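Next comes query.txt, with compact mmCIF, C-alpha atoms (C1' of nucleotides).
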```
# COMPACT_ATOMS: atom_id res chain seq x y z
CA MET A 1 23.83 15.19 -35.53
CA ILE A 2 21.00 17.34 -34.29
CA ASP A 3 21.14 20.53 -32.29
CA ARG A 4 18.84 19.60 -29.42
CA LYS A 5 18.76 23.12 -28.04
CA GLU A 6 17.46 24.44 -31.34
CA LYS A 7 14.95 21.59 -31.46
CA ILE A 8 13.61 22.62 -28.07
CA ALA A 9 13.40 26.26 -29.14
CA GLN A 10 11.48 25.38 -32.30
CA ALA A 11 9.07 23.03 -30.59
CA SER A 12 8.34 25.46 -27.78
CA MET A 13 7.82 28.35 -30.17
CA GLN A 14 5.22 26.38 -32.06
CA LEU A 15 3.48 25.16 -28.92
CA PHE A 16 3.48 28.55 -27.18
CA VAL A 17 1.80 30.06 -30.21
CA GLU A 18 -0.68 27.23 -30.70
CA ARG A 19 -1.72 26.65 -27.10
CA GLY A 20 -0.46 29.65 -25.17
CA PHE A 21 2.61 29.93 -22.97
CA HIS A 22 0.95 29.09 -19.67
CA ASN A 23 -1.02 26.28 -21.24
CA THR A 24 2.10 24.56 -22.57
CA SER A 25 3.85 22.23 -20.14
CA THR A 26 7.54 21.46 -20.22
CA ARG A 27 6.56 17.80 -20.51
CA ILE A 28 4.82 18.31 -23.84
CA ILE A 29 7.66 20.50 -25.12
CA ALA A 30 10.10 17.67 -24.41
CA GLU A 31 7.80 15.17 -26.13
CA GLU A 32 7.42 17.36 -29.21
CA ALA A 33 11.15 18.08 -29.38
CA GLY A 34 12.01 14.43 -28.86
CA VAL A 35 14.21 15.01 -25.83
CA SER A 36 13.98 14.37 -22.12
CA GLU A 37 12.26 16.96 -19.97
CA GLY A 38 15.39 17.53 -17.92
CA LEU A 39 17.32 18.70 -20.98
CA ILE A 40 15.11 21.74 -21.30
CA PHE A 41 16.35 22.89 -17.91
CA ARG A 42 19.94 22.07 -18.78
CA HIS A 43 19.84 24.40 -21.79
CA PHE A 44 17.41 26.98 -20.41
CA ARG A 45 17.40 27.61 -16.70
CA SER A 46 13.61 27.86 -16.50
CA LYS A 47 10.53 27.95 -18.68
CA ASP A 48 10.58 31.74 -18.42
CA THR A 49 14.18 31.85 -19.60
CA LEU A 50 13.18 29.75 -22.59
CA LEU A 51 10.46 32.25 -23.43
CA ASP A 52 12.89 35.16 -23.11
CA PHE A 53 15.27 33.37 -25.44
CA LEU A 54 12.60 33.04 -28.11
CA LEU A 55 11.59 36.68 -27.80
CA GLN A 56 15.20 37.83 -27.87
CA GLN A 57 15.90 35.82 -31.02
CA GLY A 58 13.07 37.64 -32.80
CA ALA A 59 14.04 41.01 -31.40
CA ASP A 60 17.59 40.61 -32.69
CA GLU A 61 16.29 40.00 -36.18
CA MET A 62 14.01 43.00 -35.91
CA TYR A 63 16.87 45.23 -34.87
CA GLN A 64 18.65 44.34 -38.08
CA ALA A 65 15.57 44.97 -40.17
CA VAL A 66 14.89 48.31 -38.52
CA ALA A 67 18.47 49.46 -38.96
CA GLU A 68 18.10 48.83 -42.67
CA VAL A 69 15.03 51.08 -42.84
CA ILE A 70 16.37 53.82 -40.59
CA SER A 71 19.64 54.11 -42.48
CA GLU A 72 17.71 55.42 -45.47
CA HIS A 73 17.63 59.21 -45.61
CA GLU A 74 15.79 59.80 -48.84
CA PRO A 75 12.15 60.28 -47.74
CA LYS A 76 10.42 58.41 -50.55
CA VAL A 77 12.73 55.44 -50.25
CA PHE A 78 12.52 55.56 -46.47
CA PHE A 79 8.75 55.29 -46.41
CA SER A 80 8.74 52.67 -49.10
CA LYS A 81 11.18 50.56 -47.11
CA LEU A 82 9.19 51.22 -43.95
CA VAL A 83 5.94 50.00 -45.43
CA ASP A 84 7.66 47.02 -46.99
CA SER A 85 9.18 46.05 -43.63
CA PHE A 86 5.65 45.62 -42.26
CA PHE A 87 4.41 43.67 -45.26
CA ASP A 88 7.41 41.49 -46.05
CA ILE A 89 7.30 39.22 -43.04
CA PRO A 90 8.65 35.77 -43.97
CA SER A 91 6.08 33.19 -43.03
CA ASP A 92 8.53 31.44 -40.76
CA ARG A 93 8.54 34.57 -38.62
CA PHE A 94 4.76 34.68 -38.21
CA ASP A 95 5.13 32.64 -35.04
CA TYR A 96 7.40 35.24 -33.50
CA TRP A 97 4.87 37.99 -34.03
CA ARG A 98 2.04 35.92 -32.69
CA LEU A 99 4.09 34.97 -29.64
CA ARG A 100 5.02 38.58 -29.08
CA SER A 101 1.42 39.68 -29.27
CA GLN A 102 0.41 36.96 -26.82
CA ILE A 103 3.07 37.83 -24.26
CA GLN A 104 2.38 41.52 -24.61
CA SER A 105 -1.19 40.91 -23.53
CA ILE A 106 -0.09 38.80 -20.54
CA ARG A 107 2.93 40.62 -19.18
CA THR A 108 1.73 43.86 -17.68
CA GLU A 109 5.28 45.14 -17.34
CA TRP A 110 5.79 44.96 -21.10
CA GLU A 111 7.77 47.86 -22.50
CA PRO A 112 8.54 48.68 -26.13
CA GLU A 113 11.76 46.99 -27.19
CA GLU A 114 14.76 48.91 -28.39
CA TRP A 115 14.11 48.24 -32.06
CA GLU A 116 10.58 49.55 -31.63
CA ARG A 117 11.56 52.83 -29.99
CA TYR A 118 14.31 53.13 -32.56
CA LEU A 119 11.89 52.69 -35.44
CA ARG A 120 9.25 55.05 -34.06
CA GLU A 121 11.82 57.76 -33.53
CA GLY A 122 12.99 57.26 -37.09
CA VAL A 123 9.50 57.64 -38.50
CA LEU A 124 8.93 60.72 -36.40
CA ARG A 125 12.16 62.30 -37.57
CA MET A 126 11.32 61.67 -41.21
CA PHE A 127 7.83 63.17 -40.99
CA LYS A 128 9.35 66.21 -39.32
CA LYS A 129 12.05 66.50 -41.94
CA MET A 130 9.40 66.41 -44.65
CA GLY A 131 7.73 69.40 -43.05
CA PHE A 132 4.44 67.87 -41.97
CA SER A 133 2.67 70.29 -39.64
CA LYS A 134 1.43 67.62 -37.26
CA PHE A 135 4.32 65.24 -37.72
CA GLU A 136 3.93 63.57 -34.30
CA HIS A 137 0.38 62.56 -35.05
CA GLU A 138 1.16 61.58 -38.62
CA ALA A 139 3.92 59.31 -37.35
CA GLU A 140 1.68 57.82 -34.68
CA LEU A 141 -1.12 57.19 -37.15
CA LEU A 142 1.08 55.50 -39.71
CA TYR A 143 2.81 53.36 -37.11
CA GLN A 144 -0.39 52.16 -35.47
CA SER A 145 -2.03 51.53 -38.82
CA LEU A 146 0.89 49.46 -40.05
CA SER A 147 0.93 47.56 -36.75
CA GLY A 148 -2.73 46.73 -37.20
CA ILE A 149 -2.07 45.49 -40.71
CA ARG A 150 0.88 43.38 -39.57
CA ASP A 151 -1.29 41.78 -36.90
CA GLY A 152 -3.87 41.03 -39.56
CA ILE A 153 -1.26 39.46 -41.81
CA VAL A 154 0.32 37.16 -39.23
CA ARG A 155 -3.14 36.08 -38.09
CA GLY A 156 -4.04 35.18 -41.65
CA GLN A 157 -6.93 37.64 -41.77
CA ILE A 158 -5.73 39.52 -44.82
CA TYR A 159 -6.20 37.80 -48.13
CA GLU A 160 -4.64 40.29 -50.48
CA PRO A 161 -1.72 41.92 -48.72
CA GLU A 162 -0.16 43.05 -52.01
CA ALA A 163 -3.19 45.11 -52.92
CA LEU A 164 -3.17 46.60 -49.44
CA ARG A 165 0.50 47.44 -49.67
CA GLU A 166 0.00 49.28 -52.94
CA LEU A 167 -2.92 51.19 -51.48
CA VAL A 168 -0.92 52.32 -48.47
CA LYS A 169 1.95 53.44 -50.65
CA LYS A 170 -0.42 55.28 -52.95
CA LYS A 171 -1.93 57.15 -50.01
CA TYR A 172 1.51 58.32 -49.02
CA ARG A 173 2.39 59.02 -52.65
CA LEU A 174 5.22 56.51 -52.85
CA MET B 1 -27.02 42.37 -0.89
CA ILE B 2 -24.26 41.55 -3.34
CA ASP B 3 -24.51 39.71 -6.61
CA ARG B 4 -21.81 37.11 -6.10
CA LYS B 5 -21.95 35.92 -9.69
CA GLU B 6 -21.18 39.43 -10.92
CA LYS B 7 -18.41 39.70 -8.32
CA ILE B 8 -16.81 36.55 -9.72
CA ALA B 9 -17.13 37.85 -13.25
CA GLN B 10 -15.49 41.16 -12.37
CA ALA B 11 -12.65 39.63 -10.40
CA SER B 12 -11.87 37.07 -13.08
CA MET B 13 -11.96 39.68 -15.85
CA GLN B 14 -9.38 41.76 -14.01
CA LEU B 15 -7.18 38.78 -13.20
CA PHE B 16 -7.37 37.24 -16.68
CA VAL B 17 -6.21 40.54 -18.16
CA GLU B 18 -3.50 41.18 -15.57
CA ARG B 19 -2.01 37.71 -15.34
CA GLY B 20 -3.35 35.82 -18.31
CA PHE B 21 -6.17 33.27 -18.42
CA HIS B 22 -4.06 30.15 -17.99
CA ASN B 23 -1.99 31.80 -15.30
CA THR B 24 -5.03 32.62 -13.18
CA SER B 25 -6.22 29.87 -10.84
CA THR B 26 -9.80 29.46 -9.71
CA ARG B 27 -8.45 29.64 -6.17
CA ILE B 28 -7.20 33.19 -6.62
CA ILE B 29 -10.37 34.23 -8.41
CA ALA B 30 -12.39 33.07 -5.42
CA GLU B 31 -10.07 34.92 -3.05
CA GLU B 32 -10.27 38.14 -5.04
CA ALA B 33 -14.05 37.91 -5.38
CA GLY B 34 -14.46 37.08 -1.71
CA VAL B 35 -16.35 33.84 -2.28
CA SER B 36 -15.63 30.15 -1.92
CA GLU B 37 -13.96 28.37 -4.80
CA GLY B 38 -16.88 25.99 -5.16
CA LEU B 39 -19.24 28.85 -5.95
CA ILE B 40 -17.42 29.61 -9.16
CA PHE B 41 -18.41 26.18 -10.43
CA ARG B 42 -21.96 26.56 -9.18
CA HIS B 43 -22.46 29.68 -11.31
CA PHE B 44 -20.17 28.74 -14.20
CA ARG B 45 -19.77 25.09 -15.09
CA SER B 46 -16.05 25.39 -15.73
CA LYS B 47 -13.27 27.95 -15.95
CA ASP B 48 -13.70 27.91 -19.74
CA THR B 49 -17.39 28.62 -19.39
CA LEU B 50 -16.53 31.59 -17.20
CA LEU B 51 -14.21 32.90 -19.91
CA ASP B 52 -16.88 32.45 -22.56
CA PHE B 53 -19.32 34.36 -20.37
CA LEU B 54 -16.95 37.32 -20.15
CA LEU B 55 -16.31 37.34 -23.89
CA GLN B 56 -20.02 37.04 -24.64
CA GLN B 57 -20.85 39.98 -22.37
CA GLY B 58 -18.46 42.17 -24.33
CA ALA B 59 -19.63 40.85 -27.68
CA ASP B 60 -23.22 41.68 -26.81
CA GLU B 61 -22.29 45.29 -26.12
CA MET B 62 -20.33 45.43 -29.36
CA TYR B 63 -23.30 44.18 -31.32
CA GLN B 64 -25.31 47.12 -30.03
CA ALA B 65 -22.55 49.58 -30.86
CA VAL B 66 -22.10 48.20 -34.36
CA ALA B 67 -25.81 48.28 -35.07
CA GLU B 68 -25.79 51.98 -34.26
CA VAL B 69 -23.03 52.60 -36.82
CA ILE B 70 -24.44 50.35 -39.51
CA SER B 71 -27.88 51.85 -39.35
CA GLU B 72 -26.45 55.11 -40.65
CA HIS B 73 -26.84 55.45 -44.42
CA GLU B 74 -25.44 58.91 -45.00
CA PRO B 75 -21.77 58.25 -45.94
CA LYS B 76 -20.15 61.15 -44.11
CA VAL B 77 -22.06 60.45 -40.92
CA PHE B 78 -21.46 56.72 -41.29
CA PHE B 79 -17.69 57.07 -41.44
CA SER B 80 -17.67 59.63 -38.68
CA LYS B 81 -19.61 57.27 -36.44
CA LEU B 82 -17.40 54.39 -37.51
CA VAL B 83 -14.20 56.18 -36.57
CA ASP B 84 -15.72 57.38 -33.31
CA SER B 85 -16.75 53.84 -32.41
CA PHE B 86 -13.09 52.85 -32.45
CA PHE B 87 -11.94 55.87 -30.47
CA ASP B 88 -14.73 56.20 -27.92
CA ILE B 89 -14.07 53.11 -25.86
CA PRO B 90 -15.12 53.69 -22.26
CA SER B 91 -12.19 52.93 -20.00
CA ASP B 92 -14.16 50.29 -18.15
CA ARG B 93 -14.27 48.32 -21.41
CA PHE B 94 -10.53 48.36 -21.94
CA ASP B 95 -10.31 45.07 -20.08
CA TYR B 96 -12.68 43.40 -22.51
CA TRP B 97 -10.54 44.39 -25.49
CA ARG B 98 -7.38 43.30 -23.80
CA LEU B 99 -8.94 39.97 -22.85
CA ARG B 100 -10.19 39.49 -26.38
CA SER B 101 -6.79 40.16 -27.82
CA GLN B 102 -5.21 37.73 -25.39
CA ILE B 103 -7.63 34.92 -26.14
CA GLN B 104 -7.41 35.54 -29.87
CA SER B 105 -3.69 34.85 -29.68
CA ILE B 106 -4.21 31.64 -27.69
CA ARG B 107 -7.26 30.05 -29.29
CA THR B 108 -6.25 28.92 -32.74
CA GLU B 109 -9.83 28.20 -33.65
CA TRP B 110 -10.79 31.84 -33.17
CA GLU B 111 -13.24 33.13 -35.74
CA PRO B 112 -14.49 36.67 -36.21
CA GLU B 113 -17.58 37.25 -34.12
CA GLU B 114 -20.91 38.20 -35.63
CA TRP B 115 -20.59 41.89 -34.80
CA GLU B 116 -17.22 41.96 -36.50
CA ARG B 117 -18.39 40.38 -39.76
CA TYR B 118 -21.42 42.63 -39.60
CA LEU B 119 -19.29 45.73 -39.22
CA ARG B 120 -16.81 44.80 -41.93
CA GLU B 121 -19.59 44.10 -44.39
CA GLY B 122 -21.09 47.45 -43.54
CA VAL B 123 -17.83 49.29 -44.19
CA LEU B 124 -17.40 47.42 -47.45
CA ARG B 125 -20.90 48.28 -48.59
CA MET B 126 -20.40 51.95 -47.83
CA PHE B 127 -17.10 52.20 -49.71
CA LYS B 128 -18.76 50.51 -52.67
CA LYS B 129 -21.74 52.81 -52.50
CA MET B 130 -19.42 55.81 -52.54
CA GLY B 131 -17.93 54.58 -55.79
CA PHE B 132 -14.39 53.79 -54.70
CA SER B 133 -12.67 51.79 -57.41
CA LYS B 134 -10.87 49.46 -55.04
CA PHE B 135 -13.51 49.47 -52.36
CA GLU B 136 -12.55 46.05 -50.94
CA HIS B 137 -9.01 47.14 -50.26
CA GLU B 138 -10.06 50.54 -48.98
CA ALA B 139 -12.39 48.86 -46.52
CA GLU B 140 -9.72 46.41 -45.46
CA LEU B 141 -7.15 49.14 -44.97
CA LEU B 142 -9.42 51.34 -42.90
CA TYR B 143 -10.59 48.45 -40.75
CA GLN B 144 -7.10 47.13 -40.00
CA SER B 145 -5.79 50.61 -39.35
CA LEU B 146 -8.56 51.40 -36.92
CA SER B 147 -8.03 48.03 -35.23
CA GLY B 148 -4.37 48.85 -34.75
CA ILE B 149 -5.27 52.20 -33.23
CA ARG B 150 -7.82 50.61 -30.90
CA ASP B 151 -5.19 48.14 -29.72
CA GLY B 152 -2.85 51.02 -29.08
CA ILE B 153 -5.50 52.89 -27.10
CA VAL B 154 -6.50 50.02 -24.81
CA ARG B 155 -2.84 49.23 -24.20
CA GLY B 156 -2.24 52.84 -23.17
CA GLN B 157 0.30 53.40 -25.92
CA ILE B 158 -1.43 56.40 -27.45
CA TYR B 159 -1.11 59.64 -25.59
CA GLU B 160 -3.22 61.92 -27.75
CA PRO B 161 -6.08 59.90 -29.17
CA GLU B 162 -8.08 63.04 -29.91
CA ALA B 163 -5.44 64.42 -32.24
CA LEU B 164 -5.24 61.04 -33.93
CA ARG B 165 -8.99 60.88 -34.36
CA GLU B 166 -9.07 64.28 -36.04
CA LEU B 167 -6.24 63.26 -38.33
CA VAL B 168 -8.03 60.11 -39.42
CA LYS B 169 -11.23 62.01 -40.09
CA LYS B 170 -9.34 64.65 -42.04
CA LYS B 171 -7.75 62.01 -44.24
CA TYR B 172 -11.18 60.66 -45.08
CA ARG B 173 -12.50 64.20 -45.47
CA LEU B 174 -15.03 63.95 -42.66
C1' DG C 1 43.92 6.88 -23.92
C1' DA C 2 43.19 8.95 -19.50
C1' DT C 3 40.77 13.05 -17.62
C1' DA C 4 37.49 16.26 -17.46
C1' DA C 5 33.89 18.73 -19.03
C1' DT C 6 29.58 18.76 -21.43
C1' DT C 7 25.27 16.75 -22.86
C1' DG C 8 21.79 13.74 -21.95
C1' DT C 9 18.38 10.77 -19.23
C1' DA C 10 14.71 8.85 -15.93
C1' DA C 11 12.71 8.93 -11.88
C1' DG C 12 11.66 11.50 -8.74
C1' DT C 13 9.99 16.19 -5.78
C1' DG C 14 6.44 19.15 -3.30
C1' DA C 15 3.32 22.46 -4.86
C1' DT C 16 -0.59 23.67 -7.45
C1' DT C 17 -4.31 22.75 -10.67
C1' DA C 18 -9.50 22.55 -12.05
C1' DC C 19 -13.11 20.49 -10.27
C1' DT C 20 -16.32 17.52 -7.00
C1' DC C 21 -19.04 16.38 -3.21
C1' DA C 22 -21.36 16.22 1.06
C1' DC C 23 -23.11 19.47 3.56
C1' DT C 24 -25.19 24.09 5.53
C1' DT C 25 -27.46 28.44 4.89
C1' DT C 26 -30.70 31.42 2.72
C1' DG C 27 -34.75 32.49 0.05
C1' DT C 28 -39.46 31.32 -1.85
C1' DT C 29 -43.92 29.67 -2.00
C1' DA C 30 -48.17 27.01 -0.55
C1' DT D 1 -44.39 26.96 9.12
C1' DA D 2 -43.37 23.15 6.49
C1' DA D 3 -41.24 21.99 2.36
C1' DC D 4 -38.40 22.60 -1.43
C1' DA D 5 -35.08 24.95 -4.30
C1' DA D 6 -31.24 27.87 -4.86
C1' DA D 7 -26.97 29.76 -3.14
C1' DG D 8 -22.91 29.09 -0.70
C1' DT D 9 -19.12 26.48 1.75
C1' DG D 10 -14.68 24.01 2.51
C1' DA D 11 -12.38 19.94 2.60
C1' DG D 12 -11.40 16.82 -0.37
C1' DT D 13 -9.72 14.61 -5.31
C1' DA D 14 -6.50 12.80 -8.96
C1' DA D 15 -3.82 14.88 -12.23
C1' DT D 16 -0.49 17.88 -13.64
C1' DC D 17 2.91 21.48 -12.89
C1' DA D 18 7.94 23.35 -13.16
C1' DC D 19 11.89 21.85 -11.62
C1' DT D 20 15.78 18.74 -9.25
C1' DT D 21 18.90 15.19 -8.71
C1' DA D 22 21.72 11.21 -9.27
C1' DC D 23 23.66 9.14 -12.71
C1' DA D 24 25.11 7.57 -17.70
C1' DA D 25 26.71 8.66 -22.30
C1' DT D 26 29.16 11.54 -25.25
C1' DT D 27 32.56 14.80 -26.63
C1' DA D 28 36.71 17.65 -26.08
C1' DT D 29 41.54 18.37 -24.49
C1' DC D 30 46.06 17.10 -23.41
```
Could you render the structure from this file as structure tokens?
Amino acid sequence: MIDRKEKIAQASMQLFVERGFHNTSTRIIAEEAGVSEGLIFRHFRSKDTLLDFLLQQGADEMYQAVAEVISEHEPKVFFSKLVDSFFDIPSDRFDYWRLRSQIQSIRTEWEPEEWERYLREGVLRMFKKMGFSKFEHEAELLYQSLSGIRDGIVRGQIYEPEALRELVKKKYRL
Amino acid sequence: MIDRKEKIAQASMQLFVERGFHNTSTRIIAEEAGVSEGLIFRHFRSKDTLLDFLLQQGADEMYQAVAEVISEHEPKVFFSKLVDSFFDIPSDRFDYWRLRSQIQSIRTEWEPEEWERYLREGVLRMFKKMGFSKFEHEAELLYQSLSGIRDGIVRGQIYEPEALRELVKKKYRL
DNA sequence: GATAATTGTAAGTGATTACTCACTTTGTTA
DNA sequence: TAACAAAGTGAGTAATCACTTACAATTATC
């Protein structure tokens, strides 16, 4: 017994990342998932809905992960967890990040998701609490830097992430 | 007298960034550029060739910019120029960076361009020269961080780039 | 075990795609 | 100005696109 809907989701995720959303036809998704083309539209109303489903799945997981970081009030532990959350991306979630980055560069109306605003506010609050004079800019810098590193990781451009993680933590005295 | 080839290049750059490469038809490019569709294929053999042309144009400019940074041998000035090169992106080049980011997430066979390898080697060499113990990781960290910031800038996510620039320079004692 | 909903298929649909081709217009040079 | 090349056009092309529809198989409910 196979969950065909999940099969479609997995196949489309892989194809969207490999070939790009607009360069992936519903025909090839069906082929790769081993189902008929019509079934895609039975489970997901349109190709766009399918994409939204994939993005939502990832966003839900991120919300959980962010909540775990934000709930920490002890500064040192907070920042340690924060940094770790950018480095400890399970490899089976690489595709989500790559898809997100792709769609972000295609959809002009892209707005930060809830988990992202949530996280950024949390970082800001913690820098302020710790008494940094320019806490807004410190928060911005750390967030953008970590985002750059995460992009590098999921694109396979960073060979020694562990060494990088230690270095980041050292710079923030963690 | 108008250079139609340049018109096509400009229109397609804008459209590729706004709607995505695979979601932009040659028909709409022709419309936007005010030329016939056939002319696109007279000047550029295919839609892919047109894309390559746009990416090459940007890469050529980057090569120049990188050479200017690399040629600097005084550490403090080198790093100052390096940081500035990531912050001082003329707004009419934002599209190039956004296009590059989009294509990078679609083309799996993407490899770092010459200017990029050139720049990274330069940063590495300078960190080594300055006697950093973990110069490879320092170079990696700085490069990925700056890349993340550049992405943020061209996506309009950073409201006070100047403050961020000063903060980065301060951290590296420039 | 009959009924009804759900899940699945295969063969369509009109619209759109990148690209071609036969042709005309414009520019250059002897 | 004749001759040739380069630039430009617009109506084609076959292929592919996302999506629909009529129907069959499976599963759930009583």
Using only C-alpha atoms (C1' of nucleotides), find the residues of chain A whose closest atom to chain C is at most 9 Å away, then write them as a list of chain:residue names.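 Here is what falls inside 9 Å: A:Val35, A:Ser36, A:Glu37, A:Gly38, A:Leu39, A:Arg42.
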Kindly provide, as number ranges by chain, the residues of chain A having any atom no farther than 10 Å from an atom of chain B, counting all atoms listed in the file. A: 16-24, 98-109, 111-112, 134, 136-153, 155, 157-168, 171
Would you compute the distance between CA of Leu119 in chain B and CA of Arg173 in chain A? Give it in Å to one decimal.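 Between these atoms lies a distance of 28.8 Å.
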Have a look at CA of Gly156 in chain A and CA of Ala65 in chain A and let me know their distance in Å, one decimal.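 Here the two named atoms are 22.0 Å from each other.
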Find the distance between CA of Leu50 in chain A and C1' of DC17 in chain D and write it in Å to one decimal.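 One can read the CA of Leu50 in chain A to C1' of DC17 in chain D distance as 16.4 Å.
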Return as a Markdown table the residues of chain D lying at most 10 Å from chain A, together with the closest atom-to-atom pair for each and the distance in Å to one decimal, counting all atoms listed in the file, with rows in chain order and ascending residue number.
```
| residue | atom | partner | partner_atom | distance |
| --- | --- | --- | --- | --- |
| D:DT16 | C1' | A:Ser25 | CA | 8.9 |
| D:DC17 | C1' | A:Ser25 | CA | 7.3 |
| D:DA18 | C1' | A:Thr26 | CA | 7.3 |
| D:DC19 | C1' | A:Phe41 | CA | 7.8 |
| D:DT20 | C1' | A:Gly38 | CA | 8.8 |
```
Mind writing the picked residues with C-alpha atoms (C1' of nucleotides) as a compact mmCIF listing (two decimals), in the coordinates of the input?
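Done, and the output landed in selection_25.txt:
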```txt
# COMPACT_ATOMS: atom_id res chain seq x y z
C1' DT D 16 -0.49 17.88 -13.64
C1' DC D 17 2.91 21.48 -12.89
C1' DA D 18 7.94 23.35 -13.16
C1' DC D 19 11.89 21.85 -11.62
C1' DT D 20 15.78 18.74 -9.25
```
